[in-house]
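Shown below: start.pdb, with PDB, C-alpha atoms and all ligand atoms.
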ATOM      1  CA  MET O1418     146.507 119.804 114.884
ATOM      2  CA  PRO O1419     146.920 116.025 114.533
ATOM      3  CA  VAL O1420     145.470 114.225 111.550
ATOM      4  CA  MET O1421     145.007 110.458 111.421
ATOM      5  CA  GLU O1422     144.352 108.444 108.282
ATOM      6  CA  ILE O1423     143.174 104.889 108.723
ATOM      7  CA  ILE O1424     142.232 102.259 106.167
ATOM      8  CA  SER O1425     139.279 100.119 107.217
ATOM      9  CA  ASN O1426     138.860  96.797 105.423
ATOM     10  CA  SER O1427     135.418  95.876 106.740
ATOM     11  CA  PRO O1428     132.339  97.277 108.494
ATOM     12  CA  LEU O1429     133.599  95.583 111.669
ATOM     13  CA  GLU O1430     136.913  97.437 111.495
ATOM     14  CA  THR O1431     135.047 100.731 111.081
ATOM     15  CA  GLU O1432     132.827  99.926 114.049
ATOM     16  CA  GLU O1433     135.884  98.991 116.126
ATOM     17  CA  LEU O1434     137.542 102.310 115.292
ATOM     18  CA  GLY O1435     134.352 104.075 116.418
ATOM     19  CA  ALA O1436     134.406 102.060 119.650
ATOM     20  CA  GLN O1437     138.041 103.002 120.313
ATOM     21  CA  LEU O1438     137.253 106.679 119.803
ATOM     22  CA  GLY O1439     134.068 106.334 121.885
ATOM     23  CA  SER O1440     136.060 104.950 124.818
ATOM     24  CA  LEU O1441     137.948 108.272 124.938
ATOM     25  CA  LEU O1442     134.972 110.643 124.686
ATOM     26  CA  SER O1443     133.286 112.489 127.532
ATOM     27  CA  ALA O1444     130.104 114.582 127.769
ATOM     28  CA  GLY O1445     130.244 117.744 125.700
ATOM     29  CA  THR O1446     132.335 116.196 122.909
ATOM     30  CA  PHE O1447     131.253 116.870 119.359
ATOM     31  CA  VAL O1448     132.083 114.472 116.506
ATOM     32  CA  ALA O1449     131.327 115.739 112.986
ATOM     33  CA  LEU O1450     131.026 112.991 110.347
ATOM     34  CA  HIS O1451     131.090 113.649 106.620
ATOM     35  CA  GLY O1452     131.574 111.762 103.384
ATOM     36  CA  ALA O1453     129.690 109.834 100.756
ATOM     37  CA  LEU O1454     126.365 108.013 101.113
ATOM     38  CA  GLY O1455     127.179 104.569 102.445
ATOM     39  CA  GLY O1456     130.631 105.701 103.507
ATOM     40  CA  GLY O1457     130.318 104.161 106.976
ATOM     41  CA  LYS O1458     129.148 107.060 109.178
ATOM     42  CA  THR O1459     126.340 105.098 110.825
ATOM     43  CA  CYS O1460     128.591 102.046 111.195
ATOM     44  CA  PHE O1461     131.218 104.197 112.968
ATOM     45  CA  THR O1462     128.517 105.723 115.195
ATOM     46  CA  ARG O1463     127.402 102.213 116.210
ATOM     47  CA  GLY O1464     130.938 101.694 117.515
ATOM     48  CA  ILE O1465     130.854 104.932 119.523
ATOM     49  CA  VAL O1466     127.533 103.870 121.064
ATOM     50  CA  ALA O1467     128.952 100.395 121.764
ATOM     51  CA  SER O1468     131.487 102.060 124.063
ATOM     52  CA  LEU O1469     129.253 104.643 125.729
ATOM     53  CA  ALA O1470     125.796 103.032 125.791
ATOM     54  CA  PRO O1471     126.484  99.363 124.950
ATOM     55  CA  GLN O1472     122.980  98.103 125.655
ATOM     56  CA  SER O1473     121.684 100.335 122.819
ATOM     57  CA  ALA O1474     124.361  99.742 120.156
ATOM     58  CA  HIS O1475     122.243  97.242 118.211
ATOM     59  CA  LEU O1476     119.587  99.952 117.764
ATOM     60  CA  VAL O1477     121.856 102.366 115.918
ATOM     61  CA  ALA O1478     120.515 103.021 112.438
ATOM     62  CA  SER O1479     120.565 106.061 110.247
ATOM     63  CA  PRO O1480     118.116 108.507 111.900
ATOM     64  CA  THR O1481     117.351 110.122 108.545
ATOM     65  CA  TYR O1482     113.660 110.469 109.310
ATOM     66  CA  ALA O1483     113.974 111.274 112.993
ATOM     67  CA  ILE O1484     116.888 113.757 112.573
ATOM     68  CA  MET O1485     118.141 112.749 116.022
ATOM     69  CA  ASN O1486     118.199 109.551 118.073
ATOM     70  CA  SER O1487     119.341 109.367 121.693
ATOM     71  CA  TYR O1488     121.144 106.391 123.231
ATOM     72  CA  PHE O1489     121.417 106.380 126.999
ATOM     73  CA  GLY O1490     124.298 104.816 128.907
ATOM     74  CA  ASP O1491     126.794 106.251 131.378
ATOM     75  CA  THR O1492     127.294 109.030 128.836
ATOM     76  CA  PRO O1493     124.330 109.716 126.511
ATOM     77  CA  VAL O1494     124.997 109.742 122.777
ATOM     78  CA  TYR O1495     122.924 112.084 120.588
ATOM     79  CA  HIS O1496     123.123 110.836 117.012
ATOM     80  CA  PHE O1497     122.028 113.342 114.364
ATOM     81  CA  ASP O1498     121.535 112.887 110.631
ATOM     82  CA  LEU O1499     121.201 116.271 108.922
ATOM     83  CA  TYR O1500     120.942 114.926 105.366
ATOM     84  CA  ARG O1501     117.475 116.409 104.878
ATOM     85  CA  LEU O1502     118.254 119.822 106.303
ATOM     86  CA  THR O1503     119.172 122.681 104.026
ATOM     87  CA  GLY O1504     120.754 125.278 106.294
ATOM     88  CA  ASP O1505     121.753 126.189 109.810
ATOM     89  CA  ASN O1506     118.429 127.987 110.358
ATOM     90  CA  ASP O1507     116.715 124.591 110.370
ATOM     91  CA  VAL O1508     119.024 123.363 113.107
ATOM     92  CA  ALA O1509     118.566 126.508 115.187
ATOM     93  CA  GLU O1510     114.776 126.530 114.690
ATOM     94  CA  LEU O1511     114.527 122.906 115.753
ATOM     95  CA  GLY O1512     116.619 123.715 118.838
ATOM     96  CA  LEU O1513     119.092 120.969 117.947
ATOM     97  CA  ASP O1514     122.031 123.106 119.000
ATOM     98  CA  ASP O1515     120.768 122.897 122.610
ATOM     99  CA  TYR O1516     122.297 119.416 122.662
ATOM    100  CA  PHE O1517     125.721 120.546 121.478
ATOM    101  CA  HIS O1518     127.029 121.736 124.839
ATOM    102  CA  GLY O1519     124.927 119.407 126.957
ATOM    103  CA  ASP O1520     125.310 116.257 128.998
ATOM    104  CA  GLY O1521     126.219 113.891 126.196
ATOM    105  CA  VAL O1522     128.397 113.170 123.191
ATOM    106  CA  CYS O1523     127.005 114.550 119.908
ATOM    107  CA  VAL O1524     127.685 112.595 116.723
ATOM    108  CA  ILE O1525     126.515 114.371 113.575
ATOM    109  CA  GLU O1526     126.126 112.768 110.138
ATOM    110  CA  TRP O1527     126.166 115.262 107.256
ATOM    111  CA  SER O1528     127.749 117.803 109.589
ATOM    112  CA  GLU O1529     128.491 120.033 106.592
ATOM    113  CA  ARG O1530     124.830 121.159 106.881
ATOM    114  CA  LEU O1531     125.676 122.926 110.159
ATOM    115  CA  PHE O1532     127.779 125.752 108.731
ATOM    116  CA  GLU O1533     128.647 128.231 111.493
ATOM    117  CA  LEU O1534     126.820 126.307 114.230
ATOM    118  CA  LEU O1535     129.852 124.068 114.629
ATOM    119  CA  PRO O1536     131.543 124.528 118.032
ATOM    120  CA  ASP O1537     135.206 125.653 118.261
ATOM    121  CA  ASP O1538     136.725 122.374 119.353
ATOM    122  CA  TYR O1539     135.476 119.222 117.665
ATOM    123  CA  ILE O1540     136.626 116.072 115.923
ATOM    124  CA  THR O1541     135.986 115.626 112.222
ATOM    125  CA  VAL O1542     135.794 112.156 110.689
ATOM    126  CA  GLY O1543     135.711 111.854 106.899
ATOM    127  CA  PHE O1544     134.841 108.650 105.011
ATOM    128  CA  GLU O1545     135.951 107.904 101.442
ATOM    129  CA  TYR O1546     135.507 104.760  99.349
ATOM    130  CA  SER O1547     138.807 103.100  98.553
ATOM    131  CA  GLY O1548     137.462  99.680  97.493
ATOM    132  CA  ASP O1549     134.315  97.539  97.735
ATOM    133  CA  ASN O1550     134.749  96.876 101.440
ATOM    134  CA  GLN O1551     137.472  99.384 102.055
ATOM    135  CA  ARG O1552     137.160 102.924 103.370
ATOM    136  CA  SER O1553     139.757 105.596 103.965
ATOM    137  CA  ILE O1554     138.862 107.283 107.254
ATOM    138  CA  THR O1555     140.469 110.611 108.159
ATOM    139  CA  LEU O1556     140.232 112.083 111.647
ATOM    140  CA  ASN O1557     141.027 115.738 112.326
ATOM    141  CA  ALA O1558     140.962 117.887 115.460
ATOM    142  CA  SER O1559     139.871 121.528 115.326
ATOM    143  CA  GLY O1560     141.036 122.465 118.824
ATOM    144  CA  PRO O1561     143.253 121.405 121.744
ATOM    145  CA  ILE O1562     140.813 119.082 123.556
ATOM    146  CA  SER O1563     140.047 117.155 120.363
ATOM    147  CA  GLY O1564     143.762 117.126 119.576
ATOM    148  CA  GLN O1565     144.475 115.412 122.898
ATOM    149  CA  THR O1566     141.748 112.872 122.196
ATOM    150  CA  LEU O1567     143.242 111.985 118.799
ATOM    151  CA  LYS O1568     146.705 111.635 120.338
ATOM    152  CA  ARG O1569     145.233 109.223 122.872
ATOM    153  CA  LEU O1570     143.471 107.344 120.056
ATOM    154  CA  ALA O1571     146.764 106.991 118.177
ATOM    155  CA  ALA O1572     148.407 105.670 121.354
ATOM    156  CA  LEU O1573     145.530 103.222 121.937
ATOM    157  CA  ARG O1574     145.816 101.882 118.372
ATOM    158  CA  SER O1575     149.567 101.421 118.583
ATOM    159  CA  CYS O1576     149.294  99.223 121.710
TER     160      CYS O1576
HETATM  161  N1  LIG K   1     135.095  99.174 105.543
HETATM  162  C1  LIG K   1     133.791  99.489 105.682
HETATM  163  N2  LIG K   1     133.405 100.341 106.663
HETATM  164  C2  LIG K   1     132.096 100.682 106.802
HETATM  165  N3  LIG K   1     131.092 100.228 106.027
HETATM  166  C3  LIG K   1     131.425  99.367 105.038
HETATM  167  C4  LIG K   1     132.775  98.956 104.832
HETATM  168  N4  LIG K   1     132.798  98.118 103.786
HETATM  169  C5  LIG K   1     131.528  97.987 103.376
HETATM  170  N5  LIG K   1     130.691  98.721 104.118
HETATM  171  C6  LIG K   1     129.248  98.810 103.918
HETATM  172  O1  LIG K   1     128.954 100.173 103.598
HETATM  173  C7  LIG K   1     127.726 100.545 104.197
HETATM  174  C8  LIG K   1     127.940 101.692 105.155
HETATM  175  O2  LIG K   1     126.675 102.123 105.570
HETATM  176  P1  LIG K   1     126.434 103.268 106.625
HETATM  177  O3  LIG K   1     124.953 103.312 106.818
HETATM  178  O4  LIG K   1     127.312 103.108 107.803
HETATM  179  O5  LIG K   1     126.930 104.546 105.772
HETATM  180  P2  LIG K   1     126.553 106.069 106.012
HETATM  181  O6  LIG K   1     127.806 106.833 105.725
HETATM  182  O7  LIG K   1     125.920 106.248 107.341
HETATM  183  O8  LIG K   1     125.497 106.351 104.850
HETATM  184  P3  LIG K   1     124.365 107.502 104.747
HETATM  185  O9  LIG K   1     125.076 108.719 104.212
HETATM  186  O10 LIG K   1     123.403 106.922 103.762
HETATM  187  O11 LIG K   1     123.784 107.722 106.115
HETATM  188  C9  LIG K   1     127.161  99.314 104.902
HETATM  189  O12 LIG K   1     126.294  98.643 104.025
HETATM  190  C10 LIG K   1     128.421  98.484 105.157
HETATM  191  O13 LIG K   1     128.156  97.098 105.235
HETATM  192 MG    MG K   2     124.094 107.026 107.946
END
Output the structure of this file as structure tokens.
Amino acid sequence: MPVMEIISNSPLETEELGAQLGSLLSAGTFVALHGALGGGKTCFTRGIVASLAPQSAHLVASPTYAIMNSYFGDTPVYHFDLYRLTGDNDVAELGLDDYFHGDGVCVIEWSERLFELLPDDYITVGFEYSGDNQRSITLNASGPISGQTLKRLAALRSC
């Protein structure tokens, strides 16, 4: 499966990468974000929303207290932050997994809290600090549909 590693030198670059990925996503896609506090997960999500529900992009903030925020455009974006959850039972009990195969794109911060609730085919995006304003961002595909999306992202970025 393809792996992409990208260095971002600013929050804007991270948001732009999110927007490029967002432009390639359709309903039913699942994007699992992980990495350190302040790594850029919410910033990247703002970019995805800028592509799919542009009128709402300025509203994107960490939904730590709400667990999930919805942004409605041509394709809805369901933005989850699972930081406060302790296990997949929480997610199942809250019915959050109902969204995973629904009408929108799901973007999940702290996706490691999902354990076996992850779908088969999804994109993983990892964020690591590599300097004050620099982040190393690694994208992985777990299945063929996500793999195609990352190939298209690589092509888009090389234009
Ligand atoms: N290259 C970069 N990409 C993204 N954010 C950056 C970058 N350089 C600096 N930053 C700063 O890092 C912070 C990233 O915050 P953000 O809320 O996106 O992180 P997060 O991964 O969602 O954190 P949390 O785990 O707390 O939800 C912002 O304050 C942003 O300005
Ligand atoms: Mg966040």
Contacts of ligand MG 2 (chain K), 9 Å or closer, all atoms listed in the file, given as a list in words =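 Sorted by chain and then by number, the residues are Leu1454, Gly1455, Gly1456, Gly1457, Lys1458, Thr1459, Cys1460, Thr1462, Ala1478, Ser1479, Pro1480, Thr1481, Asp1498, Tyr1500, Glu1526 and Trp1527 of chain O.
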If I put a ball of radius 12 Å at (134.7, 116.7, 118.7) in the file's coordinates, which residues poke into it when counting all atoms listed in the file, written as a ChimeraX atom specification?
-> /O:1438-1439,1441-1450,1517-1518,1521-1525,1528,1535-1542,1556-1567
The distance between CA of Gly1490 (chain O) and CA of Ser1440 (chain O) is 12.5 Å
Once 4 Å is added on each side, what centre and edge lengths in Å to one decimal does the axis-aligned box around all listed atoms of region 1451-1467 of chain O have, as lines of an AutoDock Vina configuration file?
center_x = 129.0
center_y = 107.0
center_z = 111.3
size_x = 13.2
size_y = 21.3
size_z = 29.0
Taking only C-alpha atoms and all ligand atoms into account, which of O:Asp1491, O:Glu1430, O:Glu1510, O:Asp1520 comes nearest ligand LIG 1 (chain K)?
-> O:Glu1430
In Å, rounded to a single decimal, give me how far CA of Arg1569 (chain O) is from atom O8 of ligand LIG 1 (chain K).
->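 Between atom O8 of ligand LIG 1 (chain K) and CA of Arg1569 (chain O) the gap works out to 26.9 Å.
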Residues at most 8 Å from Glu1545 (chain O), counting only C-alpha atoms, excluding those fewer than 4 positions away in the same chain, as an MDAnalysis selection string?
-> chainID O and resid 1452:1453 1456 1552:1554
What do you get, as a PyMOL selection string, if you spell out every residue that the PyMOL selection byres (((chain O and resi 1467) around 10) and not hetatm) selects here?
-> chain O and resi 1432-1433+1435-1437+1439-1440+1461-1466+1468-1475+1477+1488+1490
Can you write just those residues out, C-alpha atoms, as a compact mmCIF listing (two decimals), in the coordinates of the input?
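New file again.txt:
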# COMPACT_ATOMS: atom_id res chain seq x y z
CA GLU O 1432 132.83 99.93 114.05
CA GLU O 1433 135.88 98.99 116.13
CA GLY O 1435 134.35 104.08 116.42
CA ALA O 1436 134.41 102.06 119.65
CA GLN O 1437 138.04 103.00 120.31
CA GLY O 1439 134.07 106.33 121.88
CA SER O 1440 136.06 104.95 124.82
CA PHE O 1461 131.22 104.20 112.97
CA THR O 1462 128.52 105.72 115.20
CA ARG O 1463 127.40 102.21 116.21
CA GLY O 1464 130.94 101.69 117.52
CA ILE O 1465 130.85 104.93 119.52
CA VAL O 1466 127.53 103.87 121.06
CA SER O 1468 131.49 102.06 124.06
CA LEU O 1469 129.25 104.64 125.73
CA ALA O 1470 125.80 103.03 125.79
CA PRO O 1471 126.48 99.36 124.95
CA GLN O 1472 122.98 98.10 125.66
CA SER O 1473 121.68 100.34 122.82
CA ALA O 1474 124.36 99.74 120.16
CA HIS O 1475 122.24 97.24 118.21
CA VAL O 1477 121.86 102.37 115.92
CA TYR O 1488 121.14 106.39 123.23
CA GLY O 1490 124.30 104.82 128.91
Find the residues around Ser1427 (chain O) up to 7 Å (all atoms listed in the file counted), leave out those fewer than 3 positions away in its own chain, and share them as a ChimeraX atom specification.
-> /O:1430-1431,1550-1551
Between CA of Val1508 (chain O) and CA of Val1420 (chain O), distance in Å (one decimal) |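 Going from CA of Val1508 (chain O) over to CA of Val1420 (chain O), I get 28.0 Å.
Minimum atom-to-atom distances from O:Gly1512, O:Gly1519, O:Gly1548, O:Pro1493 to ligand LIG 1 (chain K) were compared using only C-alpha atoms and all ligand atoms, and the lowest value belongs to O:Gly1548.
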Residue among O:Ser1575, O:Val1494, O:Met1421, O:Ser1547 lying closest to ligand LIG 1 (chain K), counting all atoms listed in the file =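 Looking only at the distances to ligand LIG 1 (chain K), the closest residue turns out to be O:Ser1547.
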Nearest residue to ligand LIG 1 (chain K) from the set O:Ala1509, O:Arg1530, O:Tyr1495, O:Gly1543 (distances using all atoms listed in the file) | O:Gly1543
Using all atoms listed in the file, find the one residue out of O:Pro1428, O:Leu1534, O:Leu1513, O:Thr1492 that sits nearest to ligand LIG 1 (chain K).
->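 Closest residue, counting all atoms listed in the file: O:Pro1428.
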Of the candidates O:Leu1570, O:Leu1531, O:Leu1499, O:Leu1476, which shows the shortest atom-to-atom distance to ligand LIG 1 (chain K), using all atoms listed in the file?
->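 Under the stated criterion, the closest residue is O:Leu1499.
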